[in-house]
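Trainee: Supplied in structure tokens, the structure appears directly below.
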Amino acid sequence: MKRREFICILGCIAAGCSSRRRTIIAAMAVLVLLPIEVSDAGRLSDIFKSSSKHGKSPKHVSSPKRHTVKLAALGPVALNLSALKPTCDPAKLRIVLDVGHTAESEGAISARNVAEFVFNRRLAQRIEEKLKAEGFARTTLLVTEGRARRSLLRRVAAANDMPASIFLSIHHDSVPNSFLENWEFEGKKSHFSDRFSGYSVFVSRDNPDFQTSLSFAELLAKEMKAQGLDYARQYSQPIMGRYQHPLLNRETGVYSYDELVVLRKTRMAAVLLEAGSIINRDEELKMASPEQRDIISSGVAAAVKTFCDARWAILGPL
Ligand SMILES: [Zn+2]
């Protein structure tokens with residue numbers, strides 16, 4: 001996307017769609033048997049409800065017999081659920097790290113005239129390293145070529161063909177053109193806006209596995225917050241105009257953005273992370289630092305580990 005066309009994730013991506021109401025079914029009996037960390041994740045029970053339509057037998061969904069037996073044997077007192085936490089097999093979880101935009105369509109331009117694609121690729125590479133170091137050996141970095149719209153369909157097709165378990169698209173944020181201010185950087189006329197900062201996490205309610213997408217998004221946003229980061233508040237405000245989006249979790253910063261192709265056409269849990277604003281002059285410097293990439297990568301890795309454990313606890317090995 002060219003300069004002054006606001007966010008990276010945008011205009012090129014919309015394909016039009018309608019929101020659908022979805023029913024969230026609470027699985028209280030299952031939650032009781034989950035490790036403490038999983039229960040804390042809020043809607044994680046829905047992962048297992050929604051997963052049945054992806055080839056898992058319903059009996060896996062409601063019969064965590066292994067834990068039932070162990071819990072019964074311990075009796076009614078001194079239950080230490082965390083001690084019963086099962087071990088996920090990270091080596092079998094397929095994660096696609098989608099590098100937002102392409103060398104030909106570079107996304108937003110930072111306050112210091114660096115293309116968003118450069119930021120996206122560096123951060124995604126660090127996340128890939130981190131996840132592989134944690135044992136998630138099937139993590140794949142997805143770098144796409146070509147112009148914007150066509151590249152979106154290519155990324156979706158690549159993820160669906162694998163098929164991946166998690167699709168995570170990595171981006172960096174900007175602002176609508178009307179918020180841009182002028183300044184000069186290294187002798188060149190440039191643009192900035194220091195008005196907004198922070199990360200944001202997006203899901204599409206039109207993703208075929210929306211509940212799992214939302215569960216992973218909430219885990220990711222929670223971990224970003226745990227890393228000491230703040231989320232971008234402006235997307236819920238009317239001043240954002242057509243870029244205003246429903247805020248699904250006001251504690252952690254999960255928004256819905258239903259029409260994004262990479263979120264609605266992928267057939268697995270799909271989440272888009274705007275890691276931070278590169279049009280904000282201070283935040284751009286942070287986002288360019290290895291330290292910030294480490295912080296964000298640690299948050300992503302922690303979210304994936306919790307997701308993996310929660311999935312394993314109910315469905316068993318992949
Ligand atoms: Zn972008």
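Letters A, B, ... mark the chains of the structure tokens in the order given; residue numbers begin at 1 per chain; ligand numbers begin at 1, in order shown.
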Env of segment 188-193 of chain A: 7 Å cut, atoms = only C-alpha atoms, seq-sep filter 4 positions within chain, self excluded. Answer as a list in words.
Mentor: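 In the requested format, the answer is Ala111, Arg112, Asn113, Phe179, Leu180, Glu181, Asn182, Trp183, Glu184, Ile279, Asn280 and Arg281 of chain A.
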Trainee: Taking only C-alpha atoms and all ligand atoms into account, which residues have an atom no farther than 10 Å from ligand 1? I'd like them as a PyMOL selection string.
Mentor: chain A and resi 1+6-10+99-102+105-109+115-117+119-120+169-174+272-275
Trainee: Show me, as a PyMOL selection string, the residues that have an atom within 8 Å of Ile166 of chain A when counting only C-alpha atoms, minus same-chain residues fewer than 4 positions from it.
Mentor: chain A and resi 94-96+268-270
Trainee: Kindly export the residues of the current selection with N, CA, C and O atoms, as a PDB file, in the first residue's frame.
Mentor:
ATOM      1  N   ARG A  94       1.316 -27.106  13.474  1.00  0.00           N
ATOM      2  CA  ARG A  94       1.736 -26.315  12.296  1.00  0.00           C
ATOM      3  C   ARG A  94       1.334 -24.855  12.478  1.00  0.00           C
ATOM      4  O   ARG A  94       0.151 -24.549  12.577  1.00  0.00           O
ATOM      5  N   ILE A  95       2.307 -23.989  12.477  1.00  0.00           N
ATOM      6  CA  ILE A  95       2.060 -22.555  12.638  1.00  0.00           C
ATOM      7  C   ILE A  95       2.590 -21.834  11.406  1.00  0.00           C
ATOM      8  O   ILE A  95       3.752 -22.002  11.035  1.00  0.00           O
ATOM      9  N   VAL A  96       1.753 -21.055  10.784  1.00  0.00           N
ATOM     10  CA  VAL A  96       2.189 -20.219   9.666  1.00  0.00           C
ATOM     11  C   VAL A  96       2.341 -18.788  10.147  1.00  0.00           C
ATOM     12  O   VAL A  96       1.403 -18.191  10.671  1.00  0.00           O
ATOM     13  N   MET A 268      -8.364 -22.201   9.087  1.00  0.00           N
ATOM     14  CA  MET A 268      -7.895 -22.560  10.425  1.00  0.00           C
ATOM     15  C   MET A 268      -7.985 -21.311  11.299  1.00  0.00           C
ATOM     16  O   MET A 268      -8.355 -20.244  10.811  1.00  0.00           O
ATOM     17  N   ALA A 269      -7.633 -21.457  12.581  1.00  0.00           N
ATOM     18  CA  ALA A 269      -7.592 -20.288  13.454  1.00  0.00           C
ATOM     19  C   ALA A 269      -6.677 -19.246  12.829  1.00  0.00           C
ATOM     20  O   ALA A 269      -5.527 -19.530  12.507  1.00  0.00           O
ATOM     21  N   ALA A 270      -7.178 -18.037  12.640  1.00  0.00           N
ATOM     22  CA  ALA A 270      -6.412 -16.995  11.959  1.00  0.00           C
ATOM     23  C   ALA A 270      -6.495 -15.691  12.739  1.00  0.00           C
ATOM     24  O   ALA A 270      -7.582 -15.244  13.115  1.00  0.00           O
TER      25      ALA A 270
END
Trainee: Interatomic distance between atom CA of Ser197 of chain A and atom CA of Leu247 of chain A?
Mentor: 16.3 Å
Trainee: Pick out the residues sitting within 7 Å of segment 299-306 of chain A, and hand them over as a ChimeraX atom specification; count only C-alpha atoms, and ignore anything fewer than 2 positions along from it in its own chain.
Mentor: /A:130-131,219-220,223-224,227,295-297,308-310
Trainee: Create the file for the chosen residues now, containing C-alpha atoms and written as a compact mmCIF listing (two decimals), in the first residue's frame.
Mentor:
# COMPACT_ATOMS: atom_id res chain seq x y z
CA LYS A 130 11.71 -18.20 19.11
CA LEU A 131 9.01 -20.73 18.32
CA LEU A 219 -4.27 -15.63 24.49
CA LEU A 220 -1.99 -13.55 22.27
CA GLU A 223 0.50 -12.24 26.63
CA MET A 224 1.27 -8.95 24.89
CA GLN A 227 4.90 -8.21 28.43
CA ILE A 295 9.59 -8.94 23.89
CA ILE A 296 6.92 -9.47 21.26
CA SER A 297 8.33 -12.83 20.22
CA CYS A 308 -1.04 -26.05 22.34
CA ASP A 309 -1.51 -27.29 25.90
CA ALA A 310 -5.18 -26.42 25.93
Trainee: From a DSSP pass on the backbone, collect the residues of segment 139-290 of chain A flagged as helix (DSSP H, G or I) and hand them back as a compact mmCIF listing (two decimals) with all heavy atoms, in the first residue's frame.
Mentor:
# COMPACT_ATOMS: atom_id res chain seq x y z
N ALA A 148 -0.59 -6.50 -4.19
CA ALA A 148 -1.32 -6.68 -2.95
C ALA A 148 -2.42 -7.75 -2.99
O ALA A 148 -2.34 -8.76 -2.30
CB ALA A 148 -1.91 -5.35 -2.51
N ARG A 149 -3.44 -7.51 -3.79
CA ARG A 149 -4.62 -8.38 -3.73
C ARG A 149 -4.29 -9.83 -4.09
O ARG A 149 -4.69 -10.76 -3.41
CB ARG A 149 -5.69 -7.82 -4.68
CG ARG A 149 -6.87 -8.73 -4.88
CD ARG A 149 -8.01 -8.41 -3.94
NE ARG A 149 -9.01 -9.46 -3.92
CZ ARG A 149 -9.89 -9.61 -2.95
NH1 ARG A 149 -9.87 -8.79 -1.94
NH2 ARG A 149 -10.78 -10.57 -2.98
N ARG A 150 -3.53 -9.98 -5.16
CA ARG A 150 -3.19 -11.34 -5.58
C ARG A 150 -2.36 -12.05 -4.50
O ARG A 150 -2.50 -13.24 -4.28
CB ARG A 150 -2.41 -11.28 -6.91
CG ARG A 150 -2.19 -12.62 -7.54
CD ARG A 150 -1.67 -12.48 -8.95
NE ARG A 150 -2.62 -11.82 -9.82
CZ ARG A 150 -2.37 -11.49 -11.09
NH1 ARG A 150 -1.22 -11.78 -11.63
NH2 ARG A 150 -3.29 -10.90 -11.82
N SER A 151 -1.50 -11.30 -3.82
CA SER A 151 -0.66 -11.92 -2.80
C SER A 151 -1.50 -12.41 -1.62
O SER A 151 -1.16 -13.39 -0.96
CB SER A 151 0.40 -10.92 -2.31
OG SER A 151 -0.15 -9.99 -1.39
N LEU A 152 -2.62 -11.73 -1.37
CA LEU A 152 -3.48 -12.16 -0.26
C LEU A 152 -4.05 -13.55 -0.54
O LEU A 152 -4.09 -14.41 0.34
CB LEU A 152 -4.63 -11.16 -0.07
CG LEU A 152 -4.22 -9.75 0.34
CD1 LEU A 152 -5.44 -8.84 0.38
CD2 LEU A 152 -3.53 -9.77 1.69
N LEU A 153 -4.50 -13.74 -1.75
CA LEU A 153 -5.08 -15.04 -2.10
C LEU A 153 -4.01 -16.13 -2.09
O LEU A 153 -4.28 -17.28 -1.73
CB LEU A 153 -5.76 -14.94 -3.47
CG LEU A 153 -6.90 -13.89 -3.53
CD1 LEU A 153 -7.47 -13.77 -4.94
CD2 LEU A 153 -8.02 -14.24 -2.55
N ARG A 154 -2.79 -15.76 -2.47
CA ARG A 154 -1.70 -16.74 -2.45
C ARG A 154 -1.39 -17.18 -1.02
O ARG A 154 -1.15 -18.35 -0.76
CB ARG A 154 -0.43 -16.12 -3.05
CG ARG A 154 -0.45 -16.05 -4.56
CD ARG A 154 0.98 -15.94 -5.09
NE ARG A 154 0.96 -15.56 -6.50
CZ ARG A 154 1.42 -14.40 -6.96
NH1 ARG A 154 1.95 -13.53 -6.13
NH2 ARG A 154 1.36 -14.13 -8.24
N ARG A 155 -1.38 -16.22 -0.10
CA ARG A 155 -1.07 -16.61 1.29
C ARG A 155 -2.15 -17.51 1.86
O ARG A 155 -1.87 -18.48 2.56
CB ARG A 155 -0.96 -15.44 2.27
CG ARG A 155 -0.67 -14.22 1.89
CD ARG A 155 -0.73 -13.04 2.74
NE ARG A 155 -0.16 -12.00 1.91
CZ ARG A 155 0.99 -11.41 2.14
NH1 ARG A 155 1.64 -11.67 3.22
NH2 ARG A 155 1.47 -10.54 1.32
N VAL A 156 -3.40 -17.19 1.57
CA VAL A 156 -4.50 -18.01 2.06
C VAL A 156 -4.40 -19.42 1.49
O VAL A 156 -4.55 -20.42 2.22
CB VAL A 156 -5.86 -17.37 1.67
CG1 VAL A 156 -6.99 -18.34 1.92
CG2 VAL A 156 -6.07 -16.07 2.46
N ALA A 157 -4.13 -19.53 0.19
CA ALA A 157 -4.02 -20.84 -0.44
C ALA A 157 -2.87 -21.64 0.17
O ALA A 157 -3.01 -22.85 0.42
CB ALA A 157 -3.82 -20.67 -1.95
N ALA A 158 -1.76 -21.00 0.44
CA ALA A 158 -0.60 -21.70 1.02
C ALA A 158 -0.95 -22.26 2.39
O ALA A 158 -0.63 -23.41 2.71
CB ALA A 158 0.59 -20.75 1.12
N ALA A 159 -1.61 -21.48 3.22
CA ALA A 159 -1.97 -21.93 4.56
C ALA A 159 -3.01 -23.04 4.50
O ALA A 159 -2.93 -24.03 5.24
CB ALA A 159 -2.50 -20.75 5.38
N ASN A 160 -3.99 -22.92 3.62
CA ASN A 160 -5.03 -23.94 3.51
C ASN A 160 -4.48 -25.25 2.95
O ASN A 160 -4.95 -26.33 3.31
CB ASN A 160 -6.18 -23.43 2.62
CG ASN A 160 -7.00 -22.35 3.31
OD1 ASN A 160 -6.95 -22.21 4.53
ND2 ASN A 160 -7.76 -21.61 2.53
N ASP A 161 -3.48 -25.18 2.09
CA ASP A 161 -2.92 -26.38 1.49
C ASP A 161 -2.09 -27.19 2.49
O ASP A 161 -1.93 -28.39 2.33
CB ASP A 161 -2.03 -26.02 0.28
CG ASP A 161 -2.88 -25.63 -0.93
OD1 ASP A 161 -4.10 -25.87 -0.87
OD2 ASP A 161 -2.33 -25.08 -1.88
N ASN A 177 -4.83 8.92 6.70
CA ASN A 177 -4.09 10.06 6.11
C ASN A 177 -4.38 11.39 6.79
O ASN A 177 -3.50 12.26 6.91
CB ASN A 177 -4.44 10.19 4.63
CG ASN A 177 -3.98 8.98 3.84
OD1 ASN A 177 -3.13 8.22 4.31
ND2 ASN A 177 -4.53 8.79 2.66
N SER A 178 -5.61 11.56 7.27
CA SER A 178 -6.00 12.85 7.84
C SER A 178 -5.25 13.17 9.13
O SER A 178 -5.22 14.31 9.57
CB SER A 178 -7.51 12.86 8.11
OG SER A 178 -7.85 11.81 9.00
N PHE A 179 -4.64 12.15 9.74
CA PHE A 179 -3.90 12.37 10.99
C PHE A 179 -2.42 12.67 10.76
O PHE A 179 -1.68 12.99 11.69
CB PHE A 179 -3.99 11.15 11.91
CG PHE A 179 -5.39 10.88 12.41
CD1 PHE A 179 -5.84 9.57 12.57
CD2 PHE A 179 -6.25 11.91 12.72
CE1 PHE A 179 -7.12 9.31 13.03
CE2 PHE A 179 -7.53 11.67 13.18
CZ PHE A 179 -7.97 10.36 13.33
N PHE A 210 -14.13 -19.42 13.86
CA PHE A 210 -14.03 -18.15 14.58
C PHE A 210 -13.74 -18.35 16.07
O PHE A 210 -12.94 -17.62 16.66
CB PHE A 210 -15.32 -17.34 14.42
CG PHE A 210 -15.41 -16.18 15.36
CD1 PHE A 210 -14.51 -15.12 15.28
CD2 PHE A 210 -16.37 -16.14 16.36
CE1 PHE A 210 -14.57 -14.05 16.16
CE2 PHE A 210 -16.43 -15.08 17.25
CZ PHE A 210 -15.53 -14.03 17.14
N GLN A 211 -14.37 -19.31 16.70
CA GLN A 211 -14.18 -19.47 18.14
C GLN A 211 -12.73 -19.80 18.49
O GLN A 211 -12.19 -19.30 19.46
CB GLN A 211 -15.13 -20.54 18.70
CG GLN A 211 -16.59 -20.12 18.71
CD GLN A 211 -16.83 -18.84 19.52
OE1 GLN A 211 -16.09 -18.53 20.45
NE2 GLN A 211 -17.84 -18.08 19.16
N THR A 212 -12.12 -20.65 17.69
CA THR A 212 -10.71 -20.96 17.94
C THR A 212 -9.83 -19.75 17.64
O THR A 212 -8.87 -19.47 18.36
CB THR A 212 -10.27 -22.17 17.08
OG1 THR A 212 -11.20 -23.23 17.29
CG2 THR A 212 -8.88 -22.64 17.49
N SER A 213 -10.18 -19.02 16.58
CA SER A 213 -9.44 -17.80 16.26
C SER A 213 -9.51 -16.81 17.42
O SER A 213 -8.49 -16.23 17.83
CB SER A 213 -10.03 -17.14 15.00
OG SER A 213 -9.95 -17.99 13.90
N LEU A 214 -10.70 -16.64 17.95
CA LEU A 214 -10.88 -15.70 19.05
C LEU A 214 -10.12 -16.17 20.29
O LEU A 214 -9.49 -15.37 20.99
CB LEU A 214 -12.38 -15.55 19.37
CG LEU A 214 -12.71 -14.62 20.54
CD1 LEU A 214 -12.21 -13.21 20.29
CD2 LEU A 214 -14.23 -14.61 20.79
N SER A 215 -10.14 -17.46 20.55
CA SER A 215 -9.43 -17.98 21.72
C SER A 215 -7.93 -17.72 21.60
O SER A 215 -7.28 -17.30 22.56
CB SER A 215 -9.70 -19.48 21.87
OG SER A 215 -11.07 -19.69 22.13
N PHE A 216 -7.38 -17.98 20.41
CA PHE A 216 -5.95 -17.72 20.24
C PHE A 216 -5.67 -16.23 20.30
O PHE A 216 -4.66 -15.80 20.88
CB PHE A 216 -5.44 -18.31 18.92
CG PHE A 216 -3.98 -18.05 18.71
CD1 PHE A 216 -3.03 -18.56 19.58
CD2 PHE A 216 -3.54 -17.26 17.65
CE1 PHE A 216 -1.67 -18.29 19.42
CE2 PHE A 216 -2.19 -16.99 17.47
CZ PHE A 216 -1.26 -17.51 18.37
N ALA A 217 -6.54 -15.43 19.73
CA ALA A 217 -6.35 -13.97 19.76
C ALA A 217 -6.33 -13.47 21.21
O ALA A 217 -5.52 -12.61 21.58
CB ALA A 217 -7.47 -13.28 18.99
N GLU A 218 -7.21 -14.01 22.02
CA GLU A 218 -7.26 -13.57 23.42
C GLU A 218 -6.00 -14.00 24.18
O GLU A 218 -5.49 -13.26 25.02
CB GLU A 218 -8.52 -14.09 24.08
CG GLU A 218 -9.76 -13.39 23.52
CD GLU A 218 -11.01 -13.67 24.33
OE1 GLU A 218 -11.06 -14.71 25.00
OE2 GLU A 218 -11.94 -12.85 24.27
N LEU A 219 -5.53 -15.19 23.88
CA LEU A 219 -4.27 -15.63 24.49
C LEU A 219 -3.13 -14.71 24.08
O LEU A 219 -2.30 -14.30 24.90
CB LEU A 219 -3.94 -17.07 24.07
CG LEU A 219 -4.75 -18.19 24.69
CD1 LEU A 219 -4.39 -19.51 24.02
CD2 LEU A 219 -4.50 -18.27 26.18
N LEU A 220 -3.08 -14.40 22.79
CA LEU A 220 -1.99 -13.55 22.27
C LEU A 220 -2.05 -12.15 22.89
O LEU A 220 -1.04 -11.62 23.36
CB LEU A 220 -2.09 -13.47 20.75
CG LEU A 220 -1.08 -12.56 20.05
CD1 LEU A 220 0.35 -12.98 20.38
CD2 LEU A 220 -1.31 -12.57 18.54
N ALA A 221 -3.23 -11.57 22.91
CA ALA A 221 -3.37 -10.21 23.45
C ALA A 221 -3.05 -10.20 24.95
O ALA A 221 -2.40 -9.26 25.45
CB ALA A 221 -4.79 -9.71 23.20
N LYS A 222 -3.46 -11.24 25.63
CA LYS A 222 -3.16 -11.33 27.06
C LYS A 222 -1.65 -11.39 27.31
O LYS A 222 -1.12 -10.75 28.23
CB LYS A 222 -3.84 -12.59 27.63
CG LYS A 222 -3.65 -12.81 29.11
CD LYS A 222 -4.37 -14.10 29.53
CE LYS A 222 -4.04 -14.45 30.97
NZ LYS A 222 -4.61 -15.76 31.35
N GLU A 223 -0.96 -12.13 26.47
CA GLU A 223 0.50 -12.24 26.63
C GLU A 223 1.21 -10.94 26.24
O GLU A 223 2.23 -10.59 26.83
CB GLU A 223 1.04 -13.41 25.80
CG GLU A 223 0.59 -14.78 26.28
CD GLU A 223 1.11 -15.11 27.68
OE1 GLU A 223 2.09 -14.47 28.14
OE2 GLU A 223 0.54 -16.01 28.32
N MET A 224 0.68 -10.25 25.24
CA MET A 224 1.27 -8.95 24.89
C MET A 224 1.13 -7.99 26.06
O MET A 224 2.07 -7.26 26.41
CB MET A 224 0.56 -8.38 23.65
CG MET A 224 0.76 -9.20 22.38
SD MET A 224 2.45 -9.13 21.74
CE MET A 224 2.41 -7.52 20.94
N LYS A 225 -0.02 -8.01 26.68
CA LYS A 225 -0.24 -7.15 27.84
C LYS A 225 0.70 -7.57 28.98
O LYS A 225 1.27 -6.72 29.68
CB LYS A 225 -1.70 -7.24 28.28
CG LYS A 225 -2.06 -6.30 29.41
CD LYS A 225 -3.54 -6.40 29.75
CE LYS A 225 -3.86 -5.46 30.92
NZ LYS A 225 -5.28 -5.57 31.32
N ALA A 226 0.86 -8.87 29.15
CA ALA A 226 1.74 -9.37 30.20
C ALA A 226 3.19 -8.96 29.99
O ALA A 226 3.98 -8.89 30.94
CB ALA A 226 1.63 -10.90 30.28
N GLN A 234 -7.59 3.42 19.68
CA GLN A 234 -8.34 4.28 18.76
C GLN A 234 -9.30 3.54 17.85
O GLN A 234 -10.22 4.13 17.31
CB GLN A 234 -7.36 5.11 17.90
CG GLN A 234 -6.57 4.34 16.86
CD GLN A 234 -5.25 3.80 17.42
OE1 GLN A 234 -5.09 3.67 18.62
NE2 GLN A 234 -4.32 3.48 16.54
N TYR A 235 -9.10 2.23 17.65
CA TYR A 235 -9.96 1.53 16.69
C TYR A 235 -11.41 1.42 17.14
O TYR A 235 -12.29 1.14 16.34
CB TYR A 235 -9.39 0.14 16.38
CG TYR A 235 -8.18 0.23 15.48
CD1 TYR A 235 -6.91 -0.04 15.96
CD2 TYR A 235 -8.32 0.64 14.16
CE1 TYR A 235 -5.81 0.08 15.15
CE2 TYR A 235 -7.21 0.75 13.34
CZ TYR A 235 -5.96 0.47 13.84
OH TYR A 235 -4.87 0.61 13.02
N SER A 236 -11.66 1.63 18.40
CA SER A 236 -13.05 1.59 18.87
C SER A 236 -13.69 2.98 18.85
O SER A 236 -14.85 3.14 19.20
CB SER A 236 -13.11 1.01 20.29
OG SER A 236 -12.40 1.86 21.19
N PRO A 238 -15.05 6.67 17.19
CA PRO A 238 -15.66 7.19 15.96
C PRO A 238 -14.71 8.00 15.10
O PRO A 238 -14.88 8.06 13.87
CB PRO A 238 -16.80 8.08 16.48
CG PRO A 238 -17.13 7.51 17.83
CD PRO A 238 -15.83 7.02 18.40
N ILE A 239 -13.70 8.61 15.68
CA ILE A 239 -12.77 9.41 14.87
C ILE A 239 -12.05 8.57 13.83
O ILE A 239 -11.49 9.12 12.88
CB ILE A 239 -11.69 10.10 15.75
CG1 ILE A 239 -10.95 9.08 16.60
CG2 ILE A 239 -12.30 11.19 16.60
CD1 ILE A 239 -9.72 9.66 17.27
N MET A 240 -12.09 7.28 13.97
CA MET A 240 -11.41 6.41 13.00
C MET A 240 -12.24 6.18 11.75
O MET A 240 -11.76 5.57 10.78
CB MET A 240 -11.05 5.07 13.64
CG MET A 240 -10.04 5.17 14.76
SD MET A 240 -8.47 5.90 14.22
CE MET A 240 -7.74 4.52 13.33
N GLY A 241 -13.49 6.66 11.77
CA GLY A 241 -14.31 6.55 10.57
C GLY A 241 -14.47 5.12 10.10
O GLY A 241 -14.83 4.24 10.87
N ARG A 242 -14.14 4.88 8.83
CA ARG A 242 -14.34 3.52 8.29
C ARG A 242 -13.34 2.53 8.85
O ARG A 242 -13.43 1.34 8.60
CB ARG A 242 -14.26 3.54 6.77
CG ARG A 242 -12.91 3.89 6.18
CD ARG A 242 -13.05 4.15 4.69
NE ARG A 242 -11.79 4.58 4.09
CZ ARG A 242 -11.01 3.78 3.39
NH1 ARG A 242 -11.34 2.52 3.22
NH2 ARG A 242 -9.90 4.25 2.85
N TYR A 243 -12.37 3.03 9.62
CA TYR A 243 -11.41 2.12 10.25
C TYR A 243 -11.78 1.79 11.68
O TYR A 243 -11.01 1.18 12.41
CB TYR A 243 -10.01 2.72 10.21
CG TYR A 243 -9.52 2.96 8.81
CD1 TYR A 243 -9.36 4.25 8.30
CD2 TYR A 243 -9.24 1.88 7.96
CE1 TYR A 243 -8.93 4.47 7.01
CE2 TYR A 243 -8.82 2.10 6.67
CZ TYR A 243 -8.66 3.39 6.19
OH TYR A 243 -8.24 3.58 4.90
N VAL A 261 -9.28 -10.53 4.10
CA VAL A 261 -9.21 -11.77 3.33
C VAL A 261 -8.40 -12.84 4.08
O VAL A 261 -8.80 -14.00 4.16
CB VAL A 261 -8.59 -11.50 1.95
CG1 VAL A 261 -8.23 -12.81 1.25
CG2 VAL A 261 -9.56 -10.70 1.09
N VAL A 262 -7.26 -12.45 4.62
CA VAL A 262 -6.40 -13.46 5.25
C VAL A 262 -7.00 -14.03 6.53
O VAL A 262 -6.55 -15.07 7.02
CB VAL A 262 -4.99 -12.90 5.55
CG1 VAL A 262 -4.25 -12.59 4.27
CG2 VAL A 262 -5.05 -11.70 6.48
N LEU A 263 -8.00 -13.38 7.08
CA LEU A 263 -8.65 -13.88 8.29
C LEU A 263 -9.95 -14.63 7.98
O LEU A 263 -10.32 -15.54 8.71
CB LEU A 263 -8.96 -12.73 9.26
CG LEU A 263 -7.75 -11.98 9.81
CD1 LEU A 263 -8.20 -10.94 10.84
CD2 LEU A 263 -6.73 -12.94 10.43
N ARG A 264 -10.62 -14.25 6.91
CA ARG A 264 -11.92 -14.87 6.65
C ARG A 264 -11.84 -16.02 5.65
O ARG A 264 -12.72 -16.88 5.64
CB ARG A 264 -12.94 -13.84 6.18
CG ARG A 264 -12.62 -13.16 4.87
CD ARG A 264 -13.59 -12.00 4.61
NE ARG A 264 -14.89 -12.47 4.19
CZ ARG A 264 -15.29 -12.49 2.92
NH1 ARG A 264 -14.51 -12.05 1.97
NH2 ARG A 264 -16.49 -12.94 2.61
N ARG A 281 6.76 8.39 16.05
CA ARG A 281 8.23 8.50 15.97
C ARG A 281 8.94 7.75 17.10
O ARG A 281 9.99 7.15 16.88
CB ARG A 281 8.64 9.96 15.93
CG ARG A 281 8.23 10.62 14.61
CD ARG A 281 8.51 12.10 14.60
NE ARG A 281 7.66 12.81 15.56
CZ ARG A 281 7.65 14.13 15.70
NH1 ARG A 281 8.43 14.89 14.94
NH2 ARG A 281 6.85 14.69 16.58
N ASP A 282 8.40 7.82 18.32
CA ASP A 282 9.03 7.10 19.42
C ASP A 282 8.85 5.59 19.27
O ASP A 282 9.78 4.81 19.48
CB ASP A 282 8.46 7.55 20.76
CG ASP A 282 8.95 8.94 21.14
OD1 ASP A 282 9.96 9.38 20.57
OD2 ASP A 282 8.32 9.58 22.01
N GLU A 283 7.62 5.21 18.92
CA GLU A 283 7.37 3.77 18.84
C GLU A 283 8.10 3.15 17.66
O GLU A 283 8.49 1.98 17.72
CB GLU A 283 5.87 3.49 18.77
CG GLU A 283 5.55 2.02 18.91
CD GLU A 283 4.18 1.75 19.51
OE1 GLU A 283 4.07 1.68 20.75
OE2 GLU A 283 3.22 1.60 18.74
N GLU A 284 8.30 3.90 16.60
CA GLU A 284 9.06 3.37 15.48
C GLU A 284 10.47 2.95 15.94
O GLU A 284 10.98 1.90 15.54
CB GLU A 284 9.18 4.39 14.35
CG GLU A 284 9.99 3.83 13.18
CD GLU A 284 10.37 4.86 12.15
OE1 GLU A 284 10.12 6.07 12.37
OE2 GLU A 284 10.94 4.46 11.12
N LEU A 285 11.09 3.79 16.76
CA LEU A 285 12.43 3.46 17.25
C LEU A 285 12.41 2.17 18.08
O LEU A 285 13.31 1.33 17.99
CB LEU A 285 12.99 4.62 18.07
CG LEU A 285 13.27 5.92 17.30
CD1 LEU A 285 13.76 7.01 18.24
CD2 LEU A 285 14.28 5.67 16.18
N LYS A 286 11.36 2.04 18.90
CA LYS A 286 11.23 0.80 19.69
C LYS A 286 11.07 -0.40 18.77
O LYS A 286 11.71 -1.45 18.96
CB LYS A 286 10.00 0.89 20.61
CG LYS A 286 10.19 1.69 21.86
CD LYS A 286 8.95 1.53 22.73
CE LYS A 286 8.95 2.55 23.85
NZ LYS A 286 7.65 2.57 24.56
N MET A 287 10.18 -0.27 17.82
CA MET A 287 9.88 -1.41 16.95
C MET A 287 11.08 -1.82 16.11
O MET A 287 11.15 -2.94 15.62
CB MET A 287 8.69 -1.09 16.03
CG MET A 287 7.40 -0.69 16.73
SD MET A 287 6.90 -1.77 18.08
CE MET A 287 6.58 -3.29 17.22
N PRO A 290 16.10 -4.78 18.44
CA PRO A 290 16.06 -6.22 18.72
C PRO A 290 15.38 -6.52 20.04
O PRO A 290 14.72 -7.56 20.19
CB PRO A 290 17.55 -6.61 18.77
CG PRO A 290 18.26 -5.54 18.03
CD PRO A 290 17.47 -4.28 18.23
Trainee: Restricting the calculation to only C-alpha atoms: of A:Leu168, A:Ala288, A:Val143, A:Cys88, which residue gets closest to Ile127 of chain A?
Mentor: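 Under the stated criterion, the closest residue is A:Leu168.
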Trainee: Identify, with DSSP run on backbone atoms, the residues in segment 244-293 of chain A assigned to strand (DSSP E or B), and express the list as an MDAnalysis selection string.
Mentor: chainID A and resid 247:249 254:256 260 269:277
Trainee: May I ask which of the residues A:Pro163, A:Ile278, A:Ala91, A:Leu142 is the closest one to Phe196 of chain A, counting only C-alpha atoms?
Mentor: A:Ile278
Trainee: My list of candidates is A:Arg293, A:Arg250, A:Arg205, A:Arg147. Which is closest to Glu129 of chain A when distances are computed with only C-alpha atoms?
Mentor: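 Of A:Arg293, A:Arg250, A:Arg205, A:Arg147, the one nearest Glu129 of chain A is A:Arg293, counting only C-alpha atoms.
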Trainee: Please provide as JSON, numbers by chain all residues within 7 Å of Leu141 of chain A, with the sequence filter that same-chain residues fewer than 5 positions apart are discarded (counting only C-alpha atoms).
Mentor: {"A": [96, 97, 98, 128]}
Trainee: I need the chosen residues saved as a PDB file, in the first residue's frame, with C-alpha atoms.
Mentor:
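This is the output file again.pdb:
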ATOM      1  CA  VAL A  96       2.189 -20.219   9.666  1.00  0.00           C
ATOM      2  CA  LEU A  97       3.806 -16.837  10.283  1.00  0.00           C
ATOM      3  CA  ASP A  98       2.568 -14.662   7.483  1.00  0.00           C
ATOM      4  CA  GLU A 128      10.020 -18.024  13.954  1.00  0.00           C
TER       5      GLU A 128
END
Trainee: By how many Å are atom CA of Asp258 of chain A and atom CA of Arg138 of chain A apart?
Mentor: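 Value for the atom CA of Asp258 of chain A-atom CA of Arg138 of chain A distance: 27.8 Å.
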